[in-house]
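Trainee: Right, I'll just put the structure down here and ask away after.
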Amino acid sequence: MSQTQRELLLNGRKITLIGTAHVSSESIKEVESTIRELKPDCVAIELDEKRAESIQNKEKYRQLDIVKVLKNHQGFLLLANLILASFQRKMGKTAGVQPGDEMLAAMKVSSELGIPTVMADRQIQITLKRAWAKNSFWGKMKLLSALIASAFSKEEYTPEQIEEIKEQNEMDSMMAELSESMPVVKEVLIDERNEYLASKIWSSQGNNIVAVLGAGHLNGVVENLEKLADQTSAIDIESLDSIPKKAPVGKIVGWLISIAIIGFIAAGFVYGGAQLGTQMVLAWVLWNGILAAVATAIACGHPLTIIVAFISAPITSLCPFIGCGFVTAIVQAFVCKPRVKDMETLQDDVSLKGFYKNRILRILLVFVLSSIGSSVATFIGIGWISAAFGSASADIQTVETIKETVEEATELFKLK
């Protein structure tokens with residue numbers, strides 16, 4: 001048996017796990033030959049229903065409605081999905097293999113032999129949302145950095161290097177490195193999915209089952225299957241399929257910041273007069289408007305989008321329910337409508353040049369950069385306004401002290 005396979009005999013059932021590299025031509029051959037040879041009762045595949053549909057329907061991206069994606073607050077998820085898919089496509093380019101071809105092969109052979117299939121993986125949207133929600137601020141920054149680095153990476157892999165990824169010592173090394181650098185990401189992307197995959201494989205019908213999954217999941221899935229067979233632990237699928245609720249602290253902080261800014265500006269008018277209050281309003285508008293507009297311009301947004309960024313940023317920064325990035329992306333989508341060819345080349349265009357060439361990717365770039373520009377401006381604006389109010393308060397206190405001193409001196413002079 002190949003070192004990328006595991007055969008388990010558990011409670012009278014035979015479960016054969018095939019560990020693959022998602023861009024390996026050898027994995028495709030191994031999957032096809034194993035299913036034909038074993039003729040299992042069921043084949044479990046490391047895909048969810050939506051990804052299975054995407055792999056079988058190569059034209060799916062033509063149906064993408066970018067405005068609907070933005071309205072459903074899925075802009076970041078789409079971008080992360082595209083970057084991950086693009087990275088795998090680059091890896092498979094030298095081998096002439098598309099990401100997930102071995103999964104597609106499993107579905108085709110199973111269909112040909114009349115063998116039922118089970119999509120055993122968790123939805124990618126849930127996995128990404130859980131990874132984001134469970135991470136700390138610095139963890140989120142690390143995750144974003146890794147995604148950006150992979151998007152613009154020009155590293156190429158030979159077919160031999162891809163095959164080496166499936167080797168046990170190489171896989172252990174990669175898992176250890178991921179665990180050390182991004183433990184929460186490993187927990188959600190690897191450990192949780194090991195449990196999820198094991199549970200779905202175990203609940204598959206029949207006594208002879210073949211499961212096709214990434215080599216990085218082999219050991220974890222074996223461990224969880226053995227626990228399920230021994231009944232030493234239960235896997236809560238419902239919990240793994242849920243998205244952690246956002247703590248109310250985030251919303252409360254957002255509103256407190258907005259109230260504080262408005263409070264400082266109001267206090268500026270009351271205690272510093274119209275001049276100070278007006279300076280605060282102008283500072284807030286200009287910091288937010290200019291940085292958001294500049295960020296949108298860097299993304300090569302349409303001139304109208306840049307103007308909208310300038311106007312909307314000072315307002316949206318005070319409203320936790322809507323962000324500047326959402327407004328600018330919607331405007332960009334309407335004034336520069338994506339073309340059919342943008343949808344056809346979407347996955348191939350994830351590169352520095354492609355983000356500016358492809359209209360869908362440019363909409364996402366406008367969304368991200370204008371959001372960052374507005375966020376940075378908010379913190380700068382808060383600092384400027386609070387400093388201006390503090391300085392004015394100090395000046396007022398100084399004036400009051402001088403006034404009191406003069407009054408005391410006048411009283412003493414009168415007594416004399």
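To be explicit about the labels: the chains of the structure tokens are called A, B, and onward in the order shown, and within each one the residues are counted from 1, while ligands get numbers from 1 in the order they are shown.
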Which neighbours of A:Gly19 fall inside 10 Å, counting only C-alpha atoms, when residues of the same chain fewer than 3 positions from it are skipped, and could you give them as a list in words?
Mentor: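 Once the nearby chain positions are removed, what remains is Ser2, Gln3, Thr4, Gln5, Arg6, Thr16, His22, Ser27, Glu30, Val31, Lys166, Glu167, Ala211, Val212, Leu213, Gly214, Ala215, Gly216, His217, Leu218 and Asn219 of chain A.
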Trainee: Export N, CA and C atoms of the chosen residues as a tab-separated table (two decimals), in the first residue's frame?
Mentor:
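Once everything was written out, this is result_22.tsv:
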chain	number	residue	atom	x	y	z
A	2	SER	N	0.46	2.26	-0.74
A	2	SER	CA	1.19	3.53	-0.82
A	2	SER	C	1.27	4.19	0.54
A	3	GLN	N	2.37	4.96	0.78
A	3	GLN	CA	2.51	5.65	2.06
A	3	GLN	C	1.50	6.78	2.22
A	4	THR	N	0.82	7.12	1.13
A	4	THR	CA	-0.21	8.17	1.20
A	4	THR	C	-1.59	7.56	1.45
A	5	GLN	N	-1.64	6.27	1.75
A	5	GLN	CA	-2.92	5.62	2.05
A	5	GLN	C	-2.90	5.04	3.46
A	6	ARG	N	-4.08	5.00	4.07
A	6	ARG	CA	-4.25	4.34	5.37
A	6	ARG	C	-5.45	3.40	5.26
A	16	THR	N	-10.67	3.03	3.78
A	16	THR	CA	-9.39	3.31	3.11
A	16	THR	C	-9.29	4.81	2.86
A	22	HIS	N	-3.47	18.43	-3.79
A	22	HIS	CA	-4.60	18.87	-4.62
A	22	HIS	C	-4.21	19.28	-6.04
A	27	SER	N	-1.69	11.88	-7.76
A	27	SER	CA	-2.85	11.69	-6.88
A	27	SER	C	-4.09	11.34	-7.68
A	30	GLU	N	-3.82	7.71	-8.58
A	30	GLU	CA	-3.99	6.86	-7.40
A	30	GLU	C	-5.46	6.78	-6.98
A	31	VAL	N	-6.15	7.90	-7.04
A	31	VAL	CA	-7.57	7.93	-6.67
A	31	VAL	C	-8.38	7.05	-7.62
A	166	LYS	N	3.41	15.33	-0.02
A	166	LYS	CA	2.59	14.25	0.54
A	166	LYS	C	3.36	13.36	1.50
A	167	GLU	N	4.70	13.47	1.52
A	167	GLU	CA	5.50	12.61	2.40
A	167	GLU	C	5.27	12.99	3.85
A	211	ALA	N	-12.15	7.14	1.28
A	211	ALA	CA	-12.22	8.58	1.51
A	211	ALA	C	-11.03	9.26	0.82
A	212	VAL	N	-11.32	10.29	0.06
A	212	VAL	CA	-10.28	11.04	-0.66
A	212	VAL	C	-10.14	12.40	0.02
A	213	LEU	N	-8.95	12.65	0.55
A	213	LEU	CA	-8.73	13.89	1.29
A	213	LEU	C	-7.27	14.33	1.19
A	214	GLY	N	-7.01	15.60	1.52
A	214	GLY	CA	-5.65	16.11	1.48
A	214	GLY	C	-4.74	15.36	2.43
A	215	ALA	N	-3.48	15.19	2.04
A	215	ALA	CA	-2.54	14.41	2.85
A	215	ALA	C	-2.35	15.01	4.25
A	216	GLY	N	-2.54	16.33	4.37
A	216	GLY	CA	-2.38	16.98	5.67
A	216	GLY	C	-3.42	16.56	6.68
A	217	HIS	N	-4.50	15.93	6.23
A	217	HIS	CA	-5.58	15.52	7.14
A	217	HIS	C	-5.48	14.04	7.55
A	218	LEU	N	-4.58	13.28	6.93
A	218	LEU	CA	-4.56	11.83	7.16
A	218	LEU	C	-4.47	11.45	8.64
A	219	ASN	N	-3.41	11.90	9.30
A	219	ASN	CA	-3.19	11.47	10.69
A	219	ASN	C	-4.33	11.91	11.61
Trainee: Pick out the residues sitting within 10 Å of A:Val222, and hand them over as a VMD selection string; count only C-alpha atoms, and ignore anything fewer than 6 positions along from it in its own chain.
Mentor: chain A and resid 6 to 8 15 17 194 to 195 198 228
Trainee: Find the residues near stretch 229-236 of chain A: any atom within 9 Å, counting only C-alpha atoms, skip ones fewer than 4 places away on the same chain, and give them as a PyMOL selection string.
Mentor: chain A and resi 10-11+195-196+198-199+202+224-225+240-241
Trainee: Output N, CA, C and O atoms for every residue in the selection just made, as a compact mmCIF listing (two decimals), in the first residue's frame.
Mentor:
# COMPACT_ATOMS: atom_id res chain seq x y z
N LEU A 10 -12.31 -1.10 11.42
CA LEU A 10 -12.94 -0.59 12.64
C LEU A 10 -14.37 -1.11 12.75
O LEU A 10 -15.20 -0.85 11.87
N ASN A 11 -14.63 -1.88 13.80
CA ASN A 11 -15.98 -2.40 14.06
C ASN A 11 -16.57 -3.12 12.86
O ASN A 11 -17.74 -2.93 12.50
N GLU A 195 -11.89 16.58 12.50
CA GLU A 195 -13.04 16.05 13.24
C GLU A 195 -14.26 15.96 12.33
O GLU A 195 -14.99 14.96 12.33
N TYR A 196 -14.49 17.02 11.57
CA TYR A 196 -15.65 17.09 10.68
C TYR A 196 -15.59 15.98 9.62
O TYR A 196 -16.57 15.25 9.40
N ALA A 198 -13.84 13.20 9.70
CA ALA A 198 -13.95 11.88 10.34
C ALA A 198 -15.41 11.53 10.63
O ALA A 198 -15.86 10.40 10.40
N SER A 199 -16.15 12.52 11.14
CA SER A 199 -17.56 12.29 11.47
C SER A 199 -18.37 11.95 10.22
O SER A 199 -19.19 11.01 10.24
N TRP A 202 -17.37 8.47 8.94
CA TRP A 202 -17.90 7.42 9.82
C TRP A 202 -19.40 7.21 9.61
O TRP A 202 -19.90 6.08 9.72
N ASN A 224 -9.26 10.54 14.82
CA ASN A 224 -10.65 10.79 15.16
C ASN A 224 -11.55 9.61 14.81
O ASN A 224 -12.52 9.32 15.54
N LEU A 225 -11.26 8.91 13.72
CA LEU A 225 -12.04 7.73 13.37
C LEU A 225 -11.88 6.64 14.43
O LEU A 225 -12.85 5.96 14.80
N LEU A 240 -19.34 22.62 15.18
CA LEU A 240 -18.31 22.89 14.16
C LEU A 240 -18.88 23.62 12.95
O LEU A 240 -18.14 24.28 12.21
N ASP A 241 -20.20 23.49 12.75
CA ASP A 241 -20.85 24.13 11.60
C ASP A 241 -21.39 25.52 11.93
O ASP A 241 -21.99 26.16 11.08
Trainee: So that I can see what lies close to stretch 105-110 of chain A, please list as a PyMOL selection string the residues with an atom at most 12 Å from it, counting only C-alpha atoms and leaving out residues fewer than 3 positions away in the same chain.
Mentor: chain A and resi 18+20+22+24-47+52-53+55-56+97-102+113-119+209-213
Trainee: DSSP says strand (DSSP E) for which residues of stretch 22-56 of chain A? Put them as a list in words?
Mentor: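 Restricting stretch 22-56 of chain A to strand (DSSP E) produces Cys42, Val43, Ala44 and Ile45 of chain A.
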Trainee: Excluding A:Lys14 and its own-chain neighbours fewer than 5 positions away, which residues fall within 6 Å of it when counting only C-alpha atoms? Please give them as a list in words.
Mentor: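 Within the cut-off, the hits are Leu8, Leu9, Asn207 and Asn208 of chain A.
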Trainee: Output the selection as a compact mmCIF listing (two decimals), in the first residue's frame - N, CA and C atoms for each residue.
Mentor:
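Final file, selection22.txt:
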# COMPACT_ATOMS: atom_id res chain seq x y z
N LEU A 8 -8.00 1.17 7.50
CA LEU A 8 -8.48 0.96 8.87
C LEU A 8 -9.56 -0.10 8.89
N LEU A 9 -9.46 -1.00 9.85
CA LEU A 9 -10.51 -2.00 10.09
C LEU A 9 -11.13 -1.68 11.44
N ASN A 207 -19.97 -0.86 4.51
CA ASN A 207 -18.86 -1.39 5.31
C ASN A 207 -17.52 -1.31 4.60
N ASN A 208 -17.54 -0.84 3.37
CA ASN A 208 -16.29 -0.68 2.61
C ASN A 208 -16.29 0.75 2.04
Trainee: Find the spatial neighbours of A:Thr345, counting only C-alpha atoms, within a cut-off of 8 Å - ignore same-chain residues fewer than 4 positions away - and output them as a PyMOL selection string.
Mentor: chain A and resi 341+349+358
Trainee: How would the residues just chosen look if you wrote them out with N, CA and C atoms as a JSON list (two decimals), in the first residue's frame?
Mentor:
[["chain", "number", "residue", "atom", "x", "y", "z"],
["A", 341, "LYS", "N", -15.55, 38.78, -19.79],
["A", 341, "LYS", "CA", -14.17, 38.29, -19.77],
["A", 341, "LYS", "C", -13.54, 38.44, -18.39],
["A", 349, "ASP", "N", -6.43, 35.90, -12.79],
["A", 349, "ASP", "CA", -5.97, 37.29, -12.73],
["A", 349, "ASP", "C", -5.53, 37.72, -11.33],
["A", 358, "ASN", "N", -8.51, 43.38, -14.04],
["A", 358, "ASN", "CA", -9.81, 42.72, -13.92],
["A", 358, "ASN", "C", -10.76, 43.59, -13.10]]
Trainee: Within 8 Å of stretch 125-127 of chain A, counting only C-alpha atoms, which residues qualify if same-chain residues fewer than 5 places away don't, as a list of chain:residue names?
Mentor: A:Leu77, A:Val188, A:Leu189, A:Asp241, A:Ser242, A:Ile243
Trainee: For the residues selected in the previous step, produce a file with N, CA and C atoms as a compact mmCIF listing (two decimals), in the first residue's frame.
Mentor:
# COMPACT_ATOMS: atom_id res chain seq x y z
N LEU A 77 -14.51 37.48 2.12
CA LEU A 77 -14.55 36.02 1.93
C LEU A 77 -14.26 35.65 0.48
N VAL A 188 -8.60 25.74 13.22
CA VAL A 188 -9.84 25.83 12.43
C VAL A 188 -9.70 25.12 11.09
N LEU A 189 -8.59 25.38 10.39
CA LEU A 189 -8.42 24.84 9.03
C LEU A 189 -8.03 23.36 9.02
N ASP A 241 -20.20 23.49 12.75
CA ASP A 241 -20.85 24.13 11.60
C ASP A 241 -21.39 25.52 11.93
N SER A 242 -21.16 25.97 13.16
CA SER A 242 -21.69 27.27 13.56
C SER A 242 -20.59 28.34 13.49
N ILE A 243 -21.01 29.57 13.37
CA ILE A 243 -20.08 30.70 13.34
C ILE A 243 -20.15 31.40 14.70
Trainee: Give the answer as one residue: which of A:Leu352, A:Ala80, A:Met103, A:Ile306 has the shortest atom-to-atom distance to A:Leu143, using only C-alpha atoms?
Mentor: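 Among the listed residues, A:Ala80 lies closest to A:Leu143.
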Trainee: Using only C-alpha atoms, find each residue in stretch 206-300 of chain A having at least one atom no more than 8 Å away from stretch 315-322 of chain A; report its shortest atom-to-atom pair and that distance in Å (one decimal), rows by chain then rising number, as a Markdown table.
Mentor:
| residue | atom | partner | partner_atom | distance |
| --- | --- | --- | --- | --- |
| A:Lys251 | CA | A:Pro320 | CA | 7.0 |
| A:Gly254 | CA | A:Pro320 | CA | 5.8 |
| A:Trp255 | CA | A:Pro320 | CA | 6.7 |
| A:Ile257 | CA | A:Leu318 | CA | 7.9 |
| A:Ser258 | CA | A:Leu318 | CA | 4.9 |
| A:Asn288 | CA | A:Ser317 | CA | 7.9 |
Trainee: Keeping N, CA, C and O atoms for every residue in the selection just given, could you write it to a file as a PDB file, in the first residue's frame?
Mentor:
ATOM      1  N   LYS A 251     -19.390  46.125  19.045  1.00  0.00           N
ATOM      2  CA  LYS A 251     -20.399  47.114  18.687  1.00  0.00           C
ATOM      3  C   LYS A 251     -20.440  48.249  19.701  1.00  0.00           C
ATOM      4  O   LYS A 251     -20.576  49.429  19.344  1.00  0.00           O
ATOM      5  N   GLY A 254     -17.566  50.502  19.129  1.00  0.00           N
ATOM      6  CA  GLY A 254     -17.812  51.295  17.928  1.00  0.00           C
ATOM      7  C   GLY A 254     -18.713  52.483  18.207  1.00  0.00           C
ATOM      8  O   GLY A 254     -18.432  53.615  17.790  1.00  0.00           O
ATOM      9  N   TRP A 255     -19.803  52.240  18.941  1.00  0.00           N
ATOM     10  CA  TRP A 255     -20.712  53.334  19.280  1.00  0.00           C
ATOM     11  C   TRP A 255     -20.058  54.313  20.251  1.00  0.00           C
ATOM     12  O   TRP A 255     -20.270  55.530  20.146  1.00  0.00           O
ATOM     13  N   ILE A 257     -16.919  55.094  20.481  1.00  0.00           N
ATOM     14  CA  ILE A 257     -15.984  55.938  19.720  1.00  0.00           C
ATOM     15  C   ILE A 257     -16.743  57.034  18.990  1.00  0.00           C
ATOM     16  O   ILE A 257     -16.353  58.213  19.016  1.00  0.00           O
ATOM     17  N   SER A 258     -17.854  56.659  18.334  1.00  0.00           N
ATOM     18  CA  SER A 258     -18.657  57.647  17.607  1.00  0.00           C
ATOM     19  C   SER A 258     -19.201  58.722  18.557  1.00  0.00           C
ATOM     20  O   SER A 258     -19.139  59.924  18.257  1.00  0.00           O
ATOM     21  N   ASN A 288     -10.509  62.021   7.218  1.00  0.00           N
ATOM     22  CA  ASN A 288     -11.246  60.859   6.704  1.00  0.00           C
ATOM     23  C   ASN A 288     -11.407  60.917   5.194  1.00  0.00           C
ATOM     24  O   ASN A 288     -11.149  59.935   4.492  1.00  0.00           O
TER      25      ASN A 288
END
Trainee: Quick check, in Å to one decimal: how far apart do atom CA of A:Leu128 and atom CA of A:Lys337 lie?
Mentor: 27.5 Å
Trainee: Please produce, as a Markdown table, a per-residue contact table for stretch 277-321 of chain A versus stretch 270-273 of chain A (criterion: any atom at most 12 Å away, only C-alpha atoms considered), showing the nearest atom pair and its distance in Å to one decimal, sorted by chain then residue number.
Mentor:
| residue | atom | partner | partner_atom | distance |
| --- | --- | --- | --- | --- |
| A:Gly277 | CA | A:Gly273 | CA | 6.3 |
| A:Thr278 | CA | A:Gly273 | CA | 8.6 |
| A:Gln279 | CA | A:Gly273 | CA | 10.2 |
| A:Met280 | CA | A:Gly272 | CA | 10.5 |
Trainee: Produce a file of the selected residues containing N, CA, C and O atoms, as a PDB file, in the first residue's frame.
Mentor:
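As a result, again35.pdb now contains:
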ATOM      1  N   GLY A 277     -14.644  74.619  17.369  1.00  0.00           N
ATOM      2  CA  GLY A 277     -15.585  73.609  16.898  1.00  0.00           C
ATOM      3  C   GLY A 277     -15.484  73.392  15.403  1.00  0.00           C
ATOM      4  O   GLY A 277     -15.489  72.255  14.917  1.00  0.00           O
ATOM      5  N   THR A 278     -15.380  74.481  14.662  1.00  0.00           N
ATOM      6  CA  THR A 278     -15.261  74.392  13.202  1.00  0.00           C
ATOM      7  C   THR A 278     -13.955  73.706  12.800  1.00  0.00           C
ATOM      8  O   THR A 278     -13.931  72.899  11.860  1.00  0.00           O
ATOM      9  N   GLN A 279     -12.869  74.019  13.513  1.00  0.00           N
ATOM     10  CA  GLN A 279     -11.570  73.372  13.240  1.00  0.00           C
ATOM     11  C   GLN A 279     -11.668  71.863  13.436  1.00  0.00           C
ATOM     12  O   GLN A 279     -11.124  71.083  12.642  1.00  0.00           O
ATOM     13  N   MET A 280     -12.363  71.450  14.482  1.00  0.00           N
ATOM     14  CA  MET A 280     -12.525  70.011  14.756  1.00  0.00           C
ATOM     15  C   MET A 280     -13.321  69.326  13.650  1.00  0.00           C
ATOM     16  O   MET A 280     -12.956  68.229  13.189  1.00  0.00           O
TER      17      MET A 280
END
Trainee: Write out as an MDAnalysis selection string all residues of stretch 174-315 of chain A that DSSP puts in helix (DSSP H, G or I) for this structure's backbone.
Mentor: chainID A and resid 174:181 183:202 215:230 237:240 248:298 303:315
Trainee: Which value, in Å to one decimal, gives the distance between atom CA of A:Leu361 and atom CA of A:Leu291?
Mentor: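 Those two atoms sit 21.0 Å apart.
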